[in-house]
Structure formats: C-alpha cells, structure tokens
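For reference, target.txt (compact mmCIF, C-alpha atoms):
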```
# COMPACT_ATOMS: atom_id res chain seq x y z
CA MET Y 1 -15.42 -101.77 -116.44
CA LEU Y 2 -13.77 -98.40 -116.99
CA PRO Y 3 -15.00 -95.30 -115.19
CA GLY Y 4 -17.50 -93.23 -117.11
CA ASP Y 5 -20.41 -94.52 -119.12
CA GLY Y 6 -20.14 -98.25 -118.32
CA GLN Y 7 -19.75 -99.01 -122.00
CA ARG Y 8 -16.03 -99.79 -122.06
CA ALA Y 9 -13.84 -102.27 -120.21
CA VAL Y 10 -10.42 -103.92 -120.33
CA ALA Y 11 -9.03 -107.11 -118.89
CA SER Y 12 -6.96 -106.23 -115.86
CA LEU Y 13 -3.92 -107.48 -114.00
CA ILE Y 14 -3.05 -106.68 -110.40
CA THR Y 15 0.48 -108.00 -109.95
CA ASN Y 16 0.48 -107.93 -106.15
CA GLN Y 17 -2.63 -110.15 -106.17
CA ALA Y 18 -1.23 -112.68 -108.62
CA SER Y 19 0.28 -115.94 -107.41
CA PHE Y 20 4.06 -116.29 -107.52
CA GLY Y 21 3.65 -118.81 -110.33
CA VAL Y 22 1.72 -116.31 -112.47
CA LEU Y 23 4.17 -113.52 -111.70
CA ASP Y 24 7.10 -115.83 -112.52
CA ALA Y 25 5.51 -116.80 -115.85
CA ILE Y 26 4.97 -113.14 -116.77
CA ALA Y 27 8.53 -112.27 -115.76
CA ASP Y 28 9.84 -115.16 -117.89
CA VAL Y 29 7.94 -113.98 -120.99
CA LEU Y 30 8.88 -110.33 -120.51
CA THR Y 31 12.53 -111.17 -119.85
CA ALA Y 32 12.71 -113.17 -123.08
CA GLN Y 33 11.40 -110.13 -124.96
CA VAL Y 34 13.73 -107.57 -123.38
CA ALA Y 35 16.93 -109.63 -123.00
CA PRO Y 36 18.13 -108.92 -126.58
CA LEU Y 37 17.93 -105.17 -125.83
CA GLY Y 38 20.98 -105.37 -123.55
CA ALA Y 39 19.66 -103.53 -120.51
CA GLU Y 40 22.31 -102.94 -117.87
CA VAL Y 41 19.97 -101.70 -115.15
CA VAL Y 42 16.25 -102.06 -114.46
CA ILE Y 43 14.16 -99.21 -113.07
CA ALA Y 44 10.92 -100.21 -111.34
CA VAL Y 45 7.80 -98.04 -111.50
CA PRO Y 46 5.89 -97.97 -108.21
CA THR Y 47 3.89 -99.58 -106.93
CA LEU Y 48 2.71 -102.58 -108.88
CA GLY Y 49 5.72 -102.59 -111.20
CA LEU Y 50 8.06 -103.41 -108.31
CA PRO Y 51 7.56 -107.20 -108.12
CA LEU Y 52 7.76 -107.60 -111.89
CA ALA Y 53 10.88 -105.44 -112.16
CA GLU Y 54 12.58 -107.44 -109.43
CA GLY Y 55 11.81 -110.69 -111.27
CA VAL Y 56 13.03 -109.35 -114.62
CA ALA Y 57 16.22 -107.89 -113.10
CA ARG Y 58 17.05 -111.23 -111.46
CA ARG Y 59 16.42 -113.14 -114.68
CA LEU Y 60 18.69 -110.74 -116.57
CA GLY Y 61 21.42 -111.52 -114.03
CA HIS Y 62 21.44 -108.07 -112.43
CA PRO Y 63 22.48 -107.79 -108.78
CA ARG Y 64 19.90 -105.06 -108.08
CA MET Y 65 17.28 -102.77 -109.52
CA VAL Y 66 16.49 -99.10 -108.99
CA ALA Y 67 13.03 -98.41 -107.58
CA LEU Y 68 11.27 -95.13 -108.16
CA SER Y 69 9.04 -93.95 -105.32
CA THR Y 70 5.78 -92.14 -104.70
CA SER Y 71 6.78 -91.55 -101.08
CA ARG Y 72 9.03 -88.50 -100.65
CA LYS Y 73 12.00 -89.14 -98.37
CA PHE Y 74 13.67 -86.17 -96.68
CA TRP Y 75 16.82 -86.46 -98.84
CA TYR Y 76 14.91 -86.45 -102.14
CA ASP Y 77 15.20 -83.47 -104.47
CA GLU Y 78 11.90 -82.02 -105.75
CA GLY Y 79 13.75 -81.38 -109.04
CA LEU Y 80 13.91 -85.17 -109.46
CA SER Y 81 10.14 -85.64 -109.31
CA GLU Y 82 7.08 -85.31 -111.55
CA PRO Y 83 3.35 -85.10 -110.83
CA LEU Y 84 1.74 -88.51 -111.25
CA SER Y 85 -1.77 -89.73 -111.94
CA SER Y 86 -3.18 -92.87 -113.47
CA VAL Y 87 -6.37 -94.32 -114.87
CA THR Y 88 -6.86 -96.30 -111.65
CA SER Y 89 -6.26 -93.37 -109.28
CA PRO Y 90 -7.11 -90.18 -111.20
CA GLN Y 91 -8.11 -88.06 -108.18
CA GLN Y 92 -4.98 -88.72 -106.18
CA SER Y 93 -2.41 -85.97 -106.05
CA LYS Y 94 0.98 -87.62 -105.89
CA ARG Y 95 4.45 -87.42 -107.38
CA VAL Y 96 6.98 -89.93 -108.63
CA TYR Y 97 10.52 -89.52 -107.32
CA LEU Y 98 13.98 -90.66 -108.39
CA ASP Y 99 16.28 -91.05 -105.39
CA PRO Y 100 19.31 -88.81 -106.10
CA ARG Y 101 21.53 -91.49 -104.55
CA SER Y 102 20.51 -93.79 -107.43
CA LEU Y 103 21.87 -91.50 -110.15
CA PRO Y 104 25.39 -93.03 -110.17
CA LEU Y 105 23.85 -96.48 -110.71
CA LEU Y 106 22.28 -95.17 -113.93
CA ASP Y 107 25.19 -93.18 -115.38
CA GLY Y 108 26.05 -94.34 -118.88
CA ARG Y 109 23.89 -97.47 -118.55
CA ARG Y 110 21.25 -98.91 -120.90
CA ILE Y 111 18.10 -98.62 -118.82
CA LEU Y 112 15.04 -100.85 -118.93
CA LEU Y 113 11.96 -99.27 -117.35
CA VAL Y 114 9.50 -101.86 -115.98
CA ASP Y 115 5.87 -101.36 -114.95
CA ASP Y 116 2.87 -103.63 -114.50
CA VAL Y 117 0.29 -102.20 -116.92
CA LEU Y 118 0.39 -99.63 -119.70
CA SER Y 119 -3.11 -98.36 -120.39
CA THR Y 120 -3.59 -94.67 -121.16
CA GLY Y 121 0.11 -93.85 -120.88
CA THR Y 122 -0.54 -91.09 -118.33
CA SER Y 123 1.50 -92.49 -115.44
CA LEU Y 124 4.29 -93.81 -117.66
CA SER Y 125 4.52 -90.38 -119.32
CA ALA Y 126 5.28 -88.83 -115.94
CA VAL Y 127 8.02 -91.40 -115.35
CA LEU Y 128 9.52 -90.79 -118.81
CA ARG Y 129 9.51 -87.01 -118.24
CA LEU Y 130 11.28 -87.58 -114.93
CA LEU Y 131 13.98 -89.82 -116.40
CA VAL Y 132 14.56 -87.49 -119.36
CA LYS Y 133 14.80 -84.52 -116.97
CA ALA Y 134 17.35 -86.50 -114.91
CA GLY Y 135 19.36 -87.22 -118.07
CA ARG Y 136 18.69 -90.98 -117.82
CA PRO Y 137 16.12 -91.88 -120.48
CA PRO Y 138 15.40 -95.59 -120.80
CA ALA Y 139 16.52 -97.60 -123.81
CA ALA Y 140 13.41 -99.79 -123.49
CA ILE Y 141 10.14 -100.15 -121.59
CA GLY Y 142 8.80 -103.50 -120.41
CA VAL Y 143 5.31 -104.09 -119.04
CA ALA Y 144 3.31 -107.13 -118.04
CA MET Y 145 0.25 -105.94 -119.97
CA THR Y 146 -0.72 -103.30 -122.47
CA GLN Y 147 -4.38 -102.35 -122.36
CA THR Y 148 -5.75 -101.06 -125.69
CA GLN Y 149 -3.50 -98.93 -127.88
CA ALA Y 150 -4.37 -95.49 -126.43
CA TRP Y 151 -0.95 -95.28 -124.78
CA ARG Y 152 0.85 -95.15 -128.14
CA ALA Y 153 -0.29 -91.61 -128.97
CA VAL Y 154 0.35 -90.36 -125.44
CA LEU Y 155 3.92 -91.71 -125.28
CA GLY Y 156 4.55 -90.64 -128.88
CA ARG Y 157 3.77 -87.03 -127.98
CA ILE Y 158 6.67 -87.05 -125.53
CA ASP Y 159 9.04 -88.64 -128.03
CA SER Y 160 8.22 -90.58 -131.18
CA ARG Y 161 10.65 -93.37 -130.20
CA TRP Y 162 8.82 -94.46 -127.02
CA PRO Y 163 6.01 -96.56 -128.55
CA ALA Y 164 8.55 -98.55 -130.57
CA VAL Y 165 10.59 -99.60 -127.51
CA VAL Y 166 7.66 -100.97 -125.47
CA ARG Y 167 7.60 -104.72 -124.91
CA SER Y 168 4.77 -106.50 -123.12
CA ALA Y 169 4.08 -110.04 -121.96
CA MET Y 170 0.41 -109.74 -122.99
CA SER Y 171 -2.12 -107.29 -124.42
CA THR Y 172 -5.82 -106.70 -124.10
CA PRO Y 173 -8.11 -104.79 -126.45
CA LEU Y 174 -10.78 -102.30 -125.46
CA LEU Y 175 -13.91 -104.29 -124.66
CA VAL Y 176 -17.50 -103.20 -125.36
CA PRO Y 177 -20.81 -104.73 -124.24
CA HIS Y 178 -22.20 -107.55 -126.37
CA GLU Y 179 -25.86 -108.39 -126.84
CA ASP Y 180 -25.39 -111.68 -124.95
CA GLY Y 181 -24.58 -109.69 -121.79
CA GLY Y 182 -20.84 -110.27 -122.02
CA TRP Y 183 -18.01 -108.22 -123.43
CA ARG Y 184 -16.30 -108.39 -126.83
CA PRO Y 185 -13.27 -106.64 -128.35
CA GLU Y 186 -14.18 -103.32 -129.89
CA ALA Y 187 -14.26 -103.50 -133.68
CA VAL Y 188 -11.29 -101.63 -135.08
CA THR Y 189 -12.06 -99.68 -138.22
```

Let's see the structure in the file written out as structure tokens.
Amino acid sequence: MLPGDGQRAVASLITNQASFGVLDAIADVLTAQVAPLGAEVVIAVPTLGLPLAEGVARRLGHPRMVALSTSRKFWYDEGLSEPLSSVTSPQQSKRVYLDPRSLPLLDGRRILLVDDVLSTGTSLSAVLRLLVKAGRPPAAIGVAMTQTQAWRAVLGRIDSRWPAVVRSAMSTPLLVPHEDGGWRPEAVT
C-alpha cells in the first residue's frame, strides 16, 4: 500500500531480499533488453540498484561497473552531487554522489544507468540531473521494475528522450481496492 489514503498500491520488489535465482533471472531479462543498445559502461544507482547493475554488467561482459553513492567520502566534490529523495524514503535528506575518480571511466562511453525500481521518477531524476551536470548522460536506463507510468512525465520534464530509453524486466500497474477485499489494476481511461 502506498502512503496516503490507503486507496492505492503497487507490487513491489526489494532486490536485496530476493534470492540469487530471482535476481539472476531479472538480470538475464534486463540484459537481453539492453544488450542491443551497446552500453560500454554500467552505472549503478544506490542502494538497491547495485546488485542488479553488477549482474547486468557481468552479463554484458564488462570488467567493472561504476557505483554512485549516497555516502559522501572526503574526496568527493559537492559539485558532483544532487539532493535525493524517493517514494520509499521521502523524509530522508540525502544526496547522490558521483566519485570524481570515476569520471575517466565514463569519458566518451555509452552509459547504461541501472536501478532496481522506477516508480515516481523522483530519485532517478536526481541521478539524471547529476550525470547531465557531470557531462556524462546515459544512453539508456535499465530497471528491474517500473511501477505505474507516473515516472514518464517526471523524466520527460528533464528531457523528452528519457522515457523512450527506459527498459525494464517487468512492470506493475497502479492497484486500487476491489470489492472482494483484494486489489485490482486501476482502470485506465
């Protein structure tokens, strides 16, 4: 159930609670979708995007990935950070950082950005603003799951190309209560 009125919900995925077999299956599906895009480096969105990004990078034959961070190290540059919030942690005040030592790994490369779930687009928007500011925008975005379609408008406000480059292993609609006590996909009009 989503915060608020108790009248909306989505199916959820917590990648660090999934079995290796489930995570491997998701990585296989996502890799098949993004492989034709020719990514030369994978950037992982913390925290729950890290295991998926590692799996996708390995399947693409990459020797490494670049992990963003929400923990500021002393050598990080505040100019390579953005404020970050998400639907699952809206009250937390945190930032997402790009390690300046990673910049050479990204120079002139086709970047695939990988995260676990794309729901409202709020946290991914912060990551996109950061990568654009750093001069390293991704060529594509891969996620394990998209939740509803609300993220499309949010990403599209940053740049109209972002919704078109998102690939996901699975999707879930917005769910609303049903008279039988369960949940059903919201009717789209």

Quiz prompt | Option closest in space to Arg64 in chain Y, from Y:Leu50, Y:Ala27, Y:Val154, Y:Val143 [counting all atoms listed in the file] | solution = Y:Leu50

Practice problem: Can you pull out every residue within 9 Å of Ile43 in chain Y, counting only C-alpha atoms, but drop anything in the same chain fewer than 6 positions away, and send it as a ChimeraX atom specification? | Solution: /Y:50,53,57,65-68,111-115,138

Quiz item: Taking all atoms listed in the file into account, which of Y:Ala164, Y:Val117, Y:Val132, Y:Ala153 comes nearest Gly49 in chain Y?
Solution: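 Under the stated criterion, the closest residue is Y:Val117.
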
Self-check item: Non-local contacts of Ser119 in chain Y (7 Å; all atoms listed in the file; under 4 positions in same chain excluded) as a ChimeraX atom specification
Solution: /Y:146-148,150-151

Quiz item: Please, what distance in Å, to one decimal, runs between CA of Leu48 in chain Y and CA of Ser93 in chain Y?
Solution: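 Between CA of Leu48 in chain Y and CA of Ser93 in chain Y the gap works out to 17.6 Å.
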
Self-check item: Nearby residues (all atoms listed in the file) at most 9 Å from range 98-102 of chain Y, same-chain spacing under 2 positions excluded, as an MDAnalysis selection string
Solution: chainID Y and resid 66:69 73 75:77 80:81 96 104:106 130:131 134

Quiz item: Any idea what the distance is between CA of Arg136 in chain Y and CA of Asp107 in chain Y?
Solution: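 Straight-line distance from CA of Arg136 in chain Y to CA of Asp107 in chain Y works out to 7.3 Å.
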
Practice problem: Counting only C-alpha atoms, figure out which residue out of Y:Ile26, Y:Ile141, Y:Ile14, Y:Leu60 gets nearest to Thr47 in chain Y. | Solution: Y:Ile14

Quiz item: Using all atoms listed in the file, which of the listed residues (Y:Arg72, Y:Arg167, Y:Arg129, Y:Arg58) sits closest to Val42 in chain Y?
Solution: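 Among Y:Arg72, Y:Arg167, Y:Arg129, Y:Arg58, it is Y:Arg58 that comes nearest to Val42 in chain Y.
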
Exercise. One decimal, Å: what's the distance from CA of Arg109 in chain Y over to CA of Ala39 in chain Y, could you say?
Key: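 According to the coordinates, CA of Arg109 in chain Y and CA of Ala39 in chain Y are separated by 7.6 Å.
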
Practice problem: Could you check which of Y:Val41, Y:Ala144, Y:Pro185, Y:Ser168 is closest to Asp116 in chain Y, using all atoms listed in the file? | Solution: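 Once distances to Asp116 in chain Y are computed over all atoms listed in the file, the minimum belongs to Y:Ala144.
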
Quiz item: With all atoms listed in the file as the atoms that count, which of Y:Arg59, Y:Ser123, Y:Gly181, Y:Ser85 lies nearest to Val29 in chain Y?
Solution: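 Counting all atoms listed in the file, the residue closest to Val29 in chain Y is Y:Arg59.
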
Quiz item: Counting only C-alpha atoms, what is within 12 Å of Gly182 in chain Y, bar same-chain residues fewer than 4 positions away, as a VMD selection string?
Solution: chain Y and resid 1 7 to 9 175 to 178

Got time to write the residues from that selection, C-alpha atoms, as an mmCIF file, in the coordinates of the input?
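result01.cif was written with the following content:
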```
data_model
loop_
_atom_site.group_PDB
_atom_site.id
_atom_site.type_symbol
_atom_site.label_atom_id
_atom_site.label_comp_id
_atom_site.auth_asym_id
_atom_site.auth_seq_id
_atom_site.Cartn_x
_atom_site.Cartn_y
_atom_site.Cartn_z
ATOM 1 C CA MET Y 1 -15.420 -101.770 -116.440
ATOM 2 C CA GLN Y 7 -19.750 -99.010 -122.000
ATOM 3 C CA ARG Y 8 -16.030 -99.790 -122.060
ATOM 4 C CA ALA Y 9 -13.840 -102.270 -120.210
ATOM 5 C CA LEU Y 175 -13.910 -104.290 -124.660
ATOM 6 C CA VAL Y 176 -17.500 -103.200 -125.360
ATOM 7 C CA PRO Y 177 -20.810 -104.730 -124.240
ATOM 8 C CA HIS Y 178 -22.200 -107.550 -126.370
#
```

Would you kindly return, as a short mmCIF file (atom, residue, chain, number, x, y, z; two decimals) with C-alpha atoms, keeping the file's coordinate frame, each protein, DNA or RNA residue with an atom no farther than 8 Å from any atom of Leu124 in chain Y, considering only C-alpha atoms and excluding same-chain residues fewer than 4 positions away?
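Full text of selection_18.cif as output:
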```
data_model
loop_
_atom_site.label_atom_id
_atom_site.label_comp_id
_atom_site.auth_asym_id
_atom_site.auth_seq_id
_atom_site.Cartn_x
_atom_site.Cartn_y
_atom_site.Cartn_z
CA LEU Y 118 0.39 -99.63 -119.70
CA LEU Y 128 9.52 -90.79 -118.81
CA LEU Y 155 3.92 -91.71 -125.28
#
```

Restrict the output to range 35-140 of chain Y and C-alpha atoms, then write it as an mmCIF file, in the first residue's frame.
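Output file result.cif is given in full below:
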```cif
data_model
loop_
_atom_site.group_PDB
_atom_site.id
_atom_site.type_symbol
_atom_site.label_atom_id
_atom_site.label_comp_id
_atom_site.auth_asym_id
_atom_site.auth_seq_id
_atom_site.Cartn_x
_atom_site.Cartn_y
_atom_site.Cartn_z
ATOM 1 C CA ALA Y 35 22.369 -5.537 -24.908
ATOM 2 C CA PRO Y 36 21.378 -4.195 -28.364
ATOM 3 C CA LEU Y 37 21.898 -0.640 -27.055
ATOM 4 C CA GLY Y 38 25.682 -1.113 -26.976
ATOM 5 C CA ALA Y 39 26.439 0.146 -23.478
ATOM 6 C CA GLU Y 40 30.143 0.369 -22.765
ATOM 7 C CA VAL Y 41 29.839 1.054 -19.040
ATOM 8 C CA VAL Y 42 27.148 0.452 -16.423
ATOM 9 C CA ILE Y 43 26.406 2.956 -13.663
ATOM 10 C CA ALA Y 44 24.647 1.578 -10.586
ATOM 11 C CA VAL Y 45 22.142 3.630 -8.605
ATOM 12 C CA PRO Y 46 22.432 3.085 -4.852
ATOM 13 C CA THR Y 47 21.400 1.213 -2.929
ATOM 14 C CA LEU Y 48 19.126 -1.455 -4.307
ATOM 15 C CA GLY Y 49 20.287 -0.970 -7.900
ATOM 16 C CA LEU Y 50 23.786 -2.183 -7.021
ATOM 17 C CA PRO Y 51 23.226 -5.966 -7.176
ATOM 18 C CA LEU Y 52 21.235 -5.721 -10.399
ATOM 19 C CA ALA Y 53 23.794 -3.439 -12.053
ATOM 20 C CA GLU Y 54 26.596 -5.817 -11.128
ATOM 21 C CA GLY Y 55 24.705 -8.730 -12.688
ATOM 22 C CA VAL Y 56 23.912 -6.804 -15.876
ATOM 23 C CA ALA Y 57 27.491 -5.519 -16.227
ATOM 24 C CA ARG Y 58 28.877 -9.055 -15.897
ATOM 25 C CA ARG Y 59 26.404 -10.417 -18.448
ATOM 26 C CA LEU Y 60 27.373 -7.653 -20.879
ATOM 27 C CA GLY Y 61 30.997 -8.754 -20.500
ATOM 28 C CA HIS Y 62 32.149 -5.629 -18.673
ATOM 29 C CA PRO Y 63 35.086 -5.933 -16.278
ATOM 30 C CA ARG Y 64 33.550 -3.446 -13.812
ATOM 31 C CA MET Y 65 30.736 -1.040 -13.130
ATOM 32 C CA VAL Y 66 30.632 2.459 -11.669
ATOM 33 C CA ALA Y 67 28.630 2.785 -8.467
ATOM 34 C CA LEU Y 68 27.075 6.054 -7.410
ATOM 35 C CA SER Y 69 26.924 6.663 -3.667
ATOM 36 C CA THR Y 70 24.717 8.233 -1.031
ATOM 37 C CA SER Y 71 27.623 8.242 1.422
ATOM 38 C CA ARG Y 72 29.930 11.244 0.970
ATOM 39 C CA LYS Y 73 33.610 10.337 1.026
ATOM 40 C CA PHE Y 74 36.136 13.031 1.910
ATOM 41 C CA TRP Y 75 37.494 13.222 -1.664
ATOM 42 C CA TYR Y 76 34.059 13.714 -3.253
ATOM 43 C CA ASP Y 77 33.188 17.056 -4.829
ATOM 44 C CA GLU Y 78 29.845 18.589 -3.764
ATOM 45 C CA GLY Y 79 29.556 19.830 -7.366
ATOM 46 C CA LEU Y 80 29.189 16.179 -8.387
ATOM 47 C CA SER Y 81 26.140 15.558 -6.211
ATOM 48 C CA GLU Y 82 22.382 16.158 -6.222
ATOM 49 C CA PRO Y 83 19.735 16.114 -3.490
ATOM 50 C CA LEU Y 84 17.942 12.771 -3.461
ATOM 51 C CA SER Y 85 14.581 11.566 -2.215
ATOM 52 C CA SER Y 86 12.348 8.677 -3.151
ATOM 53 C CA VAL Y 87 8.835 7.382 -2.698
ATOM 54 C CA THR Y 88 10.113 4.870 -0.130
ATOM 55 C CA SER Y 89 12.145 7.379 1.906
ATOM 56 C CA PRO Y 90 10.573 10.818 1.344
ATOM 57 C CA GLN Y 91 11.605 12.362 4.684
ATOM 58 C CA GLN Y 92 15.263 11.480 4.424
ATOM 59 C CA SER Y 93 17.634 14.261 3.500
ATOM 60 C CA LYS Y 94 20.402 12.725 1.442
ATOM 61 C CA ARG Y 95 22.425 13.291 -1.697
ATOM 62 C CA VAL Y 96 23.632 11.113 -4.539
ATOM 63 C CA TYR Y 97 27.319 11.416 -5.428
ATOM 64 C CA LEU Y 98 29.477 10.588 -8.429
ATOM 65 C CA ASP Y 99 33.032 9.781 -7.379
ATOM 66 C CA PRO Y 100 35.280 12.210 -9.318
ATOM 67 C CA ARG Y 101 37.801 9.386 -9.742
ATOM 68 C CA SER Y 102 35.178 7.567 -11.858
ATOM 69 C CA LEU Y 103 34.919 10.324 -14.466
ATOM 70 C CA PRO Y 104 37.698 8.943 -16.725
ATOM 71 C CA LEU Y 105 35.894 5.580 -16.832
ATOM 72 C CA LEU Y 106 32.872 7.359 -18.329
ATOM 73 C CA ASP Y 107 34.584 9.665 -20.843
ATOM 74 C CA GLY Y 108 33.234 9.140 -24.349
ATOM 75 C CA ARG Y 109 31.436 5.930 -23.343
ATOM 76 C CA ARG Y 110 27.835 4.811 -23.966
ATOM 77 C CA ILE Y 111 26.441 4.643 -20.455
ATOM 78 C CA LEU Y 112 23.707 2.360 -19.164
ATOM 79 C CA LEU Y 113 22.173 3.546 -15.889
ATOM 80 C CA VAL Y 114 20.745 0.677 -13.788
ATOM 81 C CA ASP Y 115 18.375 0.872 -10.817
ATOM 82 C CA ASP Y 116 16.007 -1.539 -9.111
ATOM 83 C CA VAL Y 117 12.616 0.189 -9.377
ATOM 84 C CA LEU Y 118 11.303 3.194 -11.271
ATOM 85 C CA SER Y 119 8.117 4.442 -9.642
ATOM 86 C CA THR Y 120 7.543 8.189 -9.415
ATOM 87 C CA GLY Y 121 10.801 9.073 -11.150
ATOM 88 C CA THR Y 122 11.893 11.338 -8.293
ATOM 89 C CA SER Y 123 15.114 9.549 -7.335
ATOM 90 C CA LEU Y 124 16.063 8.713 -10.924
ATOM 91 C CA SER Y 125 15.547 12.378 -11.849
ATOM 92 C CA ALA Y 126 18.180 13.365 -9.305
ATOM 93 C CA VAL Y 127 20.599 10.830 -10.794
ATOM 94 C CA LEU Y 128 19.919 12.058 -14.339
ATOM 95 C CA ARG Y 129 20.482 15.688 -13.282
ATOM 96 C CA LEU Y 130 23.778 14.631 -11.699
ATOM 97 C CA LEU Y 131 25.008 12.763 -14.775
ATOM 98 C CA VAL Y 132 23.978 15.572 -17.123
ATOM 99 C CA LYS Y 133 25.726 18.107 -14.862
ATOM 100 C CA ALA Y 134 28.851 15.904 -14.960
ATOM 101 C CA GLY Y 135 28.673 15.790 -18.772
ATOM 102 C CA ARG Y 136 28.009 12.025 -18.774
ATOM 103 C CA PRO Y 137 24.323 11.496 -19.611
ATOM 104 C CA PRO Y 138 23.305 7.870 -20.045
ATOM 105 C CA ALA Y 139 22.389 6.429 -23.427
ATOM 106 C CA ALA Y 140 19.864 4.114 -21.750
#
```
